[in-house]
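As provided, input_21.csv (CSV, C-alpha atoms and all ligand atoms) reads as follows.
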chain,number,residue,atom,x,y,z
A,1,MET,CA,-10.8,0.2,-18.9
A,2,LYS,CA,-14.0,2.3,-19.3
A,3,GLU,CA,-14.1,2.3,-15.5
A,4,LEU,CA,-10.6,3.7,-15.4
A,5,GLY,CA,-11.6,6.4,-17.8
A,6,LEU,CA,-9.2,5.1,-20.5
A,7,SER,CA,-10.3,5.2,-24.1
A,8,PRO,CA,-9.8,3.7,-26.6
A,9,VAL,CA,-9.6,0.4,-24.7
A,10,TRP,CA,-6.1,-0.5,-23.7
A,11,VAL,CA,-5.0,-4.1,-24.3
A,12,ARG,CA,-2.1,-5.7,-22.4
A,13,ARG,CA,0.7,-6.9,-24.7
A,14,HIS,CA,2.2,-10.2,-23.4
A,15,GLY,CA,5.8,-9.7,-22.3
A,16,SER,CA,5.8,-6.0,-23.0
A,17,GLN,CA,6.9,-5.1,-19.5
A,18,PRO,CA,10.4,-6.3,-18.5
A,19,ILE,CA,10.7,-6.9,-14.8
A,20,VAL,CA,13.5,-4.4,-13.8
A,21,PRO,CA,14.7,-5.0,-10.3
A,22,ALA,CA,15.5,-1.8,-8.4
A,23,GLN,CA,18.6,-1.8,-6.4
A,24,ALA,CA,18.9,-2.0,-2.6
A,25,ASP,CA,15.3,-1.4,-1.4
A,26,VAL,CA,15.0,-2.9,2.0
A,27,GLY,CA,12.0,-1.8,3.9
A,28,MET,CA,10.3,0.8,6.1
A,29,ALA,CA,12.7,2.8,8.0
A,30,ALA,CA,15.6,1.1,6.3
A,31,GLN,CA,18.1,3.3,4.6
A,32,ALA,CA,17.9,2.1,1.0
A,33,GLY,CA,19.7,3.3,-2.1
A,34,GLY,CA,18.1,5.4,-4.9
A,35,GLY,CA,17.0,8.4,-2.8
A,36,LYS,CA,17.5,10.4,0.4
A,37,PRO,CA,16.7,8.4,3.6
A,38,LEU,CA,13.7,9.6,5.6
A,39,SER,CA,14.3,10.9,9.1
A,40,PRO,CA,11.4,10.7,11.5
A,41,SER,CA,11.7,12.7,14.7
A,42,ALA,CA,13.3,10.7,17.5
A,43,ASP,CA,10.4,11.0,20.0
A,44,SER,CA,7.9,9.2,17.8
A,45,ARG,CA,10.1,6.3,17.0
A,46,PRO,CA,8.4,3.1,18.1
A,47,THR,CA,10.2,1.8,21.2
A,48,ALA,CA,11.8,-1.6,20.9
A,49,ASP,CA,9.3,-3.0,23.5
A,50,ARG,CA,6.2,-1.7,21.8
A,51,ALA,CA,7.5,-3.0,18.4
A,52,ALA,CA,8.3,-6.4,20.0
A,53,GLN,CA,4.8,-6.6,21.5
A,54,LEU,CA,3.1,-5.8,18.3
A,55,HIS,CA,5.4,-8.2,16.4
A,56,ALA,CA,4.0,-11.1,18.5
A,57,MET,CA,0.3,-10.3,17.9
A,58,ASP,CA,-2.2,-12.2,15.7
A,59,TRP,CA,-4.7,-10.4,13.5
A,60,MET,CA,-7.3,-9.9,16.2
A,61,GLU,CA,-4.8,-8.6,18.8
A,62,LEU,CA,-3.2,-6.3,16.3
A,63,LYS,CA,-6.5,-4.8,15.2
A,64,SER,CA,-7.7,-4.3,18.8
A,65,SER,CA,-4.3,-2.7,19.7
A,66,ALA,CA,-4.6,-0.3,16.7
A,67,SER,CA,-8.1,0.7,17.8
A,68,ALA,CA,-6.7,1.7,21.2
A,69,CYS,CA,-3.4,3.2,20.0
A,70,THR,CA,-2.3,6.6,21.3
A,71,ALA,CA,1.3,6.4,20.0
A,72,CYS,CA,1.0,9.7,18.0
A,73,VAL,CA,-1.2,12.8,17.9
A,74,LEU,CA,-3.5,11.4,15.2
A,75,HIS,CA,-5.5,9.5,17.8
A,76,ASN,CA,-6.7,12.8,19.2
A,77,ALA,CA,-9.1,13.6,16.3
A,78,ARG,CA,-9.9,10.2,14.9
A,79,LYS,CA,-13.4,8.7,15.2
A,80,GLN,CA,-11.9,5.3,14.8
A,81,ALA,CA,-8.7,3.6,13.7
A,82,VAL,CA,-8.9,2.2,10.2
A,83,PHE,CA,-6.9,-1.0,10.4
A,84,GLY,CA,-7.2,-2.5,7.0
A,85,VAL,CA,-9.6,-4.7,5.0
A,86,GLY,CA,-9.6,-7.8,3.0
A,87,ASP,CA,-8.6,-11.4,2.7
A,88,GLU,CA,-6.0,-12.2,5.4
A,89,LYS,CA,-4.5,-14.8,3.1
A,90,ALA,CA,-4.3,-12.5,0.1
A,91,GLU,CA,-1.5,-12.6,-2.4
A,92,TRP,CA,-2.0,-8.9,-3.2
A,93,LEU,CA,-1.5,-6.1,-0.8
A,94,PHE,CA,-2.4,-2.5,-1.7
A,95,VAL,CA,-1.0,0.2,0.6
A,96,GLY,CA,-2.3,3.8,0.7
A,97,GLU,CA,-1.4,6.7,2.8
A,98,GLY,CA,-4.0,7.2,5.5
A,99,PRO,CA,-7.7,7.3,6.1
A,100,GLY,CA,-9.8,10.3,4.9
A,101,ALA,CA,-13.1,11.6,6.4
A,102,GLU,CA,-15.2,8.8,5.0
A,103,GLU,CA,-12.8,6.1,6.0
A,104,ASP,CA,-12.6,7.6,9.5
A,105,GLU,CA,-16.4,7.5,9.6
A,106,ARG,CA,-16.8,3.9,8.3
A,107,GLY,CA,-13.6,2.3,9.6
A,108,GLU,CA,-12.6,0.9,6.2
A,109,PRO,CA,-9.8,2.0,3.9
A,110,PHE,CA,-10.6,3.5,0.5
A,111,VAL,CA,-14.4,3.9,0.7
A,112,GLY,CA,-14.6,7.4,-0.7
A,113,GLN,CA,-14.2,8.7,-4.3
A,114,ALA,CA,-10.5,7.5,-4.4
A,115,GLY,CA,-11.7,4.1,-3.1
A,116,LYS,CA,-14.2,3.8,-5.9
A,117,LEU,CA,-11.4,4.4,-8.4
A,118,LEU,CA,-9.2,1.9,-6.6
A,119,ASP,CA,-12.0,-0.7,-6.9
A,120,ASN,CA,-12.2,0.0,-10.6
A,121,MET,CA,-8.4,-0.3,-10.9
A,122,LEU,CA,-8.7,-3.7,-9.1
A,123,ALA,CA,-11.5,-4.8,-11.4
A,124,ALA,CA,-9.4,-3.8,-14.5
A,125,ILE,CA,-6.9,-6.5,-13.5
A,126,ALA,CA,-9.7,-9.0,-12.5
A,127,LEU,CA,-9.3,-8.4,-8.7
A,128,GLN,CA,-11.9,-7.5,-6.2
A,129,ARG,CA,-11.7,-6.0,-2.7
A,130,GLY,CA,-11.8,-8.8,-0.2
A,131,LYS,CA,-10.9,-11.6,-2.6
A,132,ASN,CA,-7.2,-12.3,-2.7
A,133,VAL,CA,-6.6,-8.6,-2.0
A,134,TYR,CA,-5.8,-6.8,1.2
A,135,ILE,CA,-5.9,-3.0,1.5
A,136,ALA,CA,-4.1,-1.1,4.3
A,137,ASN,CA,-2.6,2.3,4.9
A,138,VAL,CA,0.7,3.6,6.2
A,139,VAL,CA,-1.2,5.3,9.1
A,140,LYS,CA,-4.3,3.9,10.7
A,141,CYS,CA,-5.7,7.2,11.9
A,142,ARG,CA,-7.0,10.1,9.8
A,143,PRO,CA,-4.6,13.0,9.5
A,144,PRO,CA,-6.6,16.2,10.1
A,145,GLY,CA,-7.7,18.0,7.0
A,146,ASN,CA,-6.5,15.1,4.9
A,147,ARG,CA,-2.9,16.3,5.1
A,148,ASN,CA,-0.1,13.9,4.5
A,149,PRO,CA,1.0,12.0,7.5
A,150,GLU,CA,4.1,13.5,9.2
A,151,PRO,CA,7.2,11.2,9.1
A,152,GLY,CA,7.0,10.8,12.9
A,153,GLU,CA,3.3,9.7,12.7
A,154,ALA,CA,4.1,7.2,9.9
A,155,HIS,CA,7.0,5.9,12.0
A,156,ALA,CA,4.9,5.6,15.1
A,157,CYS,CA,2.4,3.5,13.1
A,158,GLU,CA,5.0,1.5,11.3
A,159,PRO,CA,4.9,-1.6,13.5
A,160,TYR,CA,1.2,-2.1,12.6
A,161,LEU,CA,1.8,-2.2,8.8
A,162,THR,CA,5.0,-4.3,9.3
A,163,ARG,CA,3.1,-6.9,11.4
A,164,GLN,CA,0.2,-6.9,8.9
A,165,ILE,CA,2.7,-7.7,6.2
A,166,GLU,CA,4.3,-10.4,8.3
A,167,LEU,CA,0.9,-12.0,9.0
A,168,LEU,CA,-0.3,-11.6,5.4
A,169,ARG,CA,2.9,-12.7,3.6
A,170,PRO,CA,1.6,-11.3,0.3
A,171,ARG,CA,3.3,-12.2,-2.9
A,172,LEU,CA,3.3,-8.6,-4.1
A,173,ILE,CA,2.8,-5.2,-2.5
A,174,VAL,CA,1.5,-2.3,-4.6
A,175,ALA,CA,2.3,1.1,-3.0
A,176,LEU,CA,-0.3,3.7,-3.9
A,177,GLY,CA,1.4,7.0,-4.2
A,178,LYS,CA,4.5,8.7,-3.0
A,179,VAL,CA,3.7,8.6,0.8
A,180,ALA,CA,3.2,4.9,0.8
A,181,ALA,CA,6.2,4.2,-1.4
A,182,LEU,CA,8.5,6.4,0.6
A,183,ASN,CA,7.5,5.0,3.9
A,184,LEU,CA,7.7,1.4,2.7
A,185,LEU,CA,11.0,1.8,0.9
A,186,GLY,CA,12.5,4.2,3.4
A,187,ILE,CA,13.8,6.5,0.7
A,188,ASP,CA,12.9,10.0,-0.7
A,189,ALA,CA,12.6,9.8,-4.5
A,190,THR,CA,10.2,11.0,-7.1
A,191,LEU,CA,7.2,8.8,-7.9
A,192,GLY,CA,8.2,8.8,-11.5
A,193,SER,CA,11.6,7.4,-10.6
A,194,MET,CA,10.1,4.6,-8.5
A,195,ARG,CA,7.5,3.5,-11.2
A,196,GLY,CA,8.3,0.7,-13.6
A,197,ARG,CA,10.8,-1.0,-11.3
A,198,LEU,CA,10.6,-4.0,-9.0
A,199,HIS,CA,11.4,-2.9,-5.5
A,200,HIS,CA,11.4,-5.0,-2.3
A,201,TYR,CA,10.0,-4.4,1.1
A,202,ARG,CA,11.9,-6.8,3.5
A,203,GLY,CA,12.2,-9.3,0.7
A,204,THR,CA,8.6,-9.0,-0.6
A,205,PRO,CA,8.4,-7.6,-4.2
A,206,LEU,CA,6.9,-4.2,-4.3
A,207,ILE,CA,5.6,-2.0,-7.2
A,208,VAL,CA,4.8,1.7,-7.1
A,209,THR,CA,1.9,3.4,-8.8
A,210,TYR,CA,-0.1,6.6,-8.5
A,211,HIS,CA,-2.5,7.2,-5.7
A,212,PRO,CA,-6.1,7.0,-6.9
A,213,ALA,CA,-6.8,10.5,-5.4
A,214,TYR,CA,-4.0,11.9,-7.6
A,215,LEU,CA,-5.5,10.1,-10.6
A,216,LEU,CA,-8.9,11.7,-9.9
A,217,ARG,CA,-7.2,15.1,-10.1
A,218,THR,CA,-4.9,14.1,-13.0
A,219,PRO,CA,-6.9,11.7,-15.2
A,220,ALA,CA,-4.2,12.0,-18.0
A,221,ASP,CA,-2.0,9.8,-15.8
A,222,LYS,CA,-4.5,7.0,-15.7
A,223,ALA,CA,-2.8,5.5,-18.8
A,224,LYS,CA,0.5,5.3,-16.8
A,225,SER,CA,-1.3,3.7,-13.9
A,226,TRP,CA,-2.6,1.1,-16.3
A,227,GLU,CA,1.0,0.4,-17.4
A,228,ASP,CA,1.9,-0.1,-13.7
A,229,LEU,CA,-1.0,-2.4,-13.1
A,230,CYS,CA,0.0,-4.5,-16.2
A,231,PHE,CA,3.5,-4.6,-14.8
A,232,ALA,CA,2.1,-5.7,-11.5
A,233,VAL,CA,0.1,-8.5,-13.1
A,234,ASP,CA,3.1,-9.7,-15.1
A,235,THR,CA,5.2,-9.6,-12.0
A,236,MET,CA,2.6,-11.6,-10.0
A,237,ASN,CA,2.4,-14.2,-12.8
A,238,ALA,CA,6.2,-14.5,-12.9
A,239,LEU,CA,6.3,-14.8,-9.1
A,240,LYS,CA,3.7,-17.6,-9.2
A,241,GLN,CA,5.7,-19.4,-11.8
A,242,GLN,CA,8.8,-19.2,-9.7
A,243,GLN,CA,7.0,-20.4,-6.6
A,244,PRO,CA,3.6,-22.0,-7.1
A,245,ALA,CA,1.3,-22.0,-4.1
A,246,PRO,CA,1.6,-25.0,-1.9
A,247,ASN,CA,-1.4,-27.5,-2.2
B,1,LIG,N1,-6.6,7.6,0.7
B,1,LIG,C1,-5.7,6.7,1.3
B,1,LIG,O1,-4.5,6.8,1.1
B,1,LIG,N2,-6.2,5.8,2.1
B,1,LIG,C2,-7.5,5.7,2.3
B,1,LIG,O2,-7.9,4.8,3.0
B,1,LIG,C3,-8.4,6.6,1.7
B,1,LIG,C4,-7.9,7.6,0.9
What is this structure when it is put down as structure tokens?
Amino acid sequence: MKELGLSPVWVRRHGSQPIVPAQADVGMAAQAGGGKPLSPSADSRPTADRAAQLHAMDWMELKSSASACTACVLHNARKQAVFGVGDEKAEWLFVGEGPGAEEDERGEPFVGQAGKLLDNMLAAIALQRGKNVYIANVVKCRPPGNRNPEPGEAHACEPYLTRQIELLRPRLIVALGKVAALNLLGIDATLGSMRGRLHHYRGTPLIVTYHPAYLLRTPADKAKSWEDLCFAVDTMNALKQQQPAPN
């Protein structure tokens, strides 16, 4: 917890976080309850053909398709697409918003300051990048000036994340920040209203917490993100009890 900047040390209380299911979350681009539906511009909607092609790809094909993708304007300024990183059999999936300058340079998500904090957040719950954890973003190419991805850009990129999730089949998704949460859940709601509840992305349990870059700017909310991480660990343990891994 020192790494997260939390002092005095916070200790998890067993059973202190009830798992509260949120209603009617369905998945990216779905029109779910609990907020206003997102409406991407029609011209950037993935065509059925393109989505079907990506849907049939394995990890290597998908990654190479992302690196050559020109489906939205973000490809114009990227150095490289930042596909995702980690254990392709991971039970945990962390989803951010989109690559920044350092990620664009290095081709790996969350390698800048926010990434260091994410690594510390993972360490706080005994996880490590690459070991039972996969990290991806809503958009694979850097939005110029580190702006938020436009809804149309997120929508054009959606089949990549959807297919990553299909291939990975994580037990639990952690959405980092509002952009990730809104795009995965297909709703427009405040981050505060989405925290502390169990959502679902196409049947996969999903928890929402703050984006590490926000926590760097607002360290007072690190305590709340610790609550979210504890909730995520409790949820993961409950999910494992409900459905132990096959031998
Ligand atoms: N912020 C994100 O959302 N993703 C990254 O990969 C880096 C910073």
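Neighbouring residues of segment 51-56 of chain A at 12 Å or closer, counting only C-alpha atoms and skipping chain neighbours under 4 positions away, are Arg45, Pro46, Thr47, Met60, Glu61, Leu62, Lys63, Ser64, Ser65, Ala66, Cys69, Ala71, His155, Ala156, Cys157, Glu158, Pro159, Tyr160, Leu161, Thr162, Arg163, Gln164, Ile165, Glu166 and Leu167 of chain A.
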Cut-off 10 Å, all atoms listed in the file, neighbours of ligand LIG 1 (chain B) as JSON, numbers by chain: {"A": [82, 83, 84, 85, 94, 95, 96, 97, 98, 99, 100, 101, 102, 103, 104, 107, 108, 109, 110, 111, 112, 113, 114, 115, 116, 118, 135, 136, 137, 138, 139, 140, 141, 142, 146, 148, 149, 175, 176, 177, 179, 180, 211, 212, 213, 214]}
Output the selection as a PDB file, in the coordinates of the input - C-alpha atoms for each residue.
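Produced file selection-v4.pdb, reproduced below:
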ATOM      1  CA  VAL A  82      -8.900   2.200  10.200  1.00  0.00           C
ATOM      2  CA  PHE A  83      -6.900  -1.000  10.400  1.00  0.00           C
ATOM      3  CA  GLY A  84      -7.200  -2.500   7.000  1.00  0.00           C
ATOM      4  CA  VAL A  85      -9.600  -4.700   5.000  1.00  0.00           C
ATOM      5  CA  PHE A  94      -2.400  -2.500  -1.700  1.00  0.00           C
ATOM      6  CA  VAL A  95      -1.000   0.200   0.600  1.00  0.00           C
ATOM      7  CA  GLY A  96      -2.300   3.800   0.700  1.00  0.00           C
ATOM      8  CA  GLU A  97      -1.400   6.700   2.800  1.00  0.00           C
ATOM      9  CA  GLY A  98      -4.000   7.200   5.500  1.00  0.00           C
ATOM     10  CA  PRO A  99      -7.700   7.300   6.100  1.00  0.00           C
ATOM     11  CA  GLY A 100      -9.800  10.300   4.900  1.00  0.00           C
ATOM     12  CA  ALA A 101     -13.100  11.600   6.400  1.00  0.00           C
ATOM     13  CA  GLU A 102     -15.200   8.800   5.000  1.00  0.00           C
ATOM     14  CA  GLU A 103     -12.800   6.100   6.000  1.00  0.00           C
ATOM     15  CA  ASP A 104     -12.600   7.600   9.500  1.00  0.00           C
ATOM     16  CA  GLY A 107     -13.600   2.300   9.600  1.00  0.00           C
ATOM     17  CA  GLU A 108     -12.600   0.900   6.200  1.00  0.00           C
ATOM     18  CA  PRO A 109      -9.800   2.000   3.900  1.00  0.00           C
ATOM     19  CA  PHE A 110     -10.600   3.500   0.500  1.00  0.00           C
ATOM     20  CA  VAL A 111     -14.400   3.900   0.700  1.00  0.00           C
ATOM     21  CA  GLY A 112     -14.600   7.400  -0.700  1.00  0.00           C
ATOM     22  CA  GLN A 113     -14.200   8.700  -4.300  1.00  0.00           C
ATOM     23  CA  ALA A 114     -10.500   7.500  -4.400  1.00  0.00           C
ATOM     24  CA  GLY A 115     -11.700   4.100  -3.100  1.00  0.00           C
ATOM     25  CA  LYS A 116     -14.200   3.800  -5.900  1.00  0.00           C
ATOM     26  CA  LEU A 118      -9.200   1.900  -6.600  1.00  0.00           C
ATOM     27  CA  ILE A 135      -5.900  -3.000   1.500  1.00  0.00           C
ATOM     28  CA  ALA A 136      -4.100  -1.100   4.300  1.00  0.00           C
ATOM     29  CA  ASN A 137      -2.600   2.300   4.900  1.00  0.00           C
ATOM     30  CA  VAL A 138       0.700   3.600   6.200  1.00  0.00           C
ATOM     31  CA  VAL A 139      -1.200   5.300   9.100  1.00  0.00           C
ATOM     32  CA  LYS A 140      -4.300   3.900  10.700  1.00  0.00           C
ATOM     33  CA  CYS A 141      -5.700   7.200  11.900  1.00  0.00           C
ATOM     34  CA  ARG A 142      -7.000  10.100   9.800  1.00  0.00           C
ATOM     35  CA  ASN A 146      -6.500  15.100   4.900  1.00  0.00           C
ATOM     36  CA  ASN A 148      -0.100  13.900   4.500  1.00  0.00           C
ATOM     37  CA  PRO A 149       1.000  12.000   7.500  1.00  0.00           C
ATOM     38  CA  ALA A 175       2.300   1.100  -3.000  1.00  0.00           C
ATOM     39  CA  LEU A 176      -0.300   3.700  -3.900  1.00  0.00           C
ATOM     40  CA  GLY A 177       1.400   7.000  -4.200  1.00  0.00           C
ATOM     41  CA  VAL A 179       3.700   8.600   0.800  1.00  0.00           C
ATOM     42  CA  ALA A 180       3.200   4.900   0.800  1.00  0.00           C
ATOM     43  CA  HIS A 211      -2.500   7.200  -5.700  1.00  0.00           C
ATOM     44  CA  PRO A 212      -6.100   7.000  -6.900  1.00  0.00           C
ATOM     45  CA  ALA A 213      -6.800  10.500  -5.400  1.00  0.00           C
ATOM     46  CA  TYR A 214      -4.000  11.900  -7.600  1.00  0.00           C
TER      47      TYR A 214
END
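Close contacts of Arg171 of chain A, defined as residues with an atom at most 9 Å away when counting all atoms listed in the file, with chain neighbours fewer than 2 positions off set aside, comprise Ala90, Glu91, Trp92, Leu93, Arg169, Ile173, Thr204, Pro205, Leu206, Met236, Leu239 and Lys240 of chain A.
Taking all atoms listed in the file into account, Val233 of chain A lies nearest to A:Ala124 out of the set A:Leu191, A:Ala124, A:Leu215, A:Arg129.
If you measure from each of A:Pro143, A:Pro244, A:Pro219, A:Gly203 to Leu185 of chain A using all atoms listed in the file, the closest one turns out to be A:Gly203.
For the residues A:Val133, A:Leu117, A:Leu122, A:Leu74, ranking by smallest atom-to-atom distance to Gly145 of chain A using all atoms listed in the file places A:Leu74 first.
Atom CA of Met194 of chain A to atom CA of Ser225 of chain A spans 12.6 Å [interatomic distance, one decimal].
Using all atoms listed in the file, the shortest contact distance between Gln80 of chain A and any of A:Glu227, A:Asp188, A:Asp58, A:Glu105 is found at A:Glu105.
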Best match for closeness to Arg197 of chain A among A:Thr218, A:Thr209, A:Gln242, A:Gln128, counting only C-alpha atoms: A:Thr209
Length of the atom CA of Ala181 of chain A to atom CA of Val208 of chain A vector [Å]: 6.4 Å
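Across the model, the gap from atom CA of Cys230 of chain A to atom CA of Ala123 of chain A is 12.5 Å.
The smallest atom-to-atom distance between Pro170 of chain A and any of A:His199, A:Arg106, A:Lys222, A:Lys89, using only C-alpha atoms, is found for A:Lys89.
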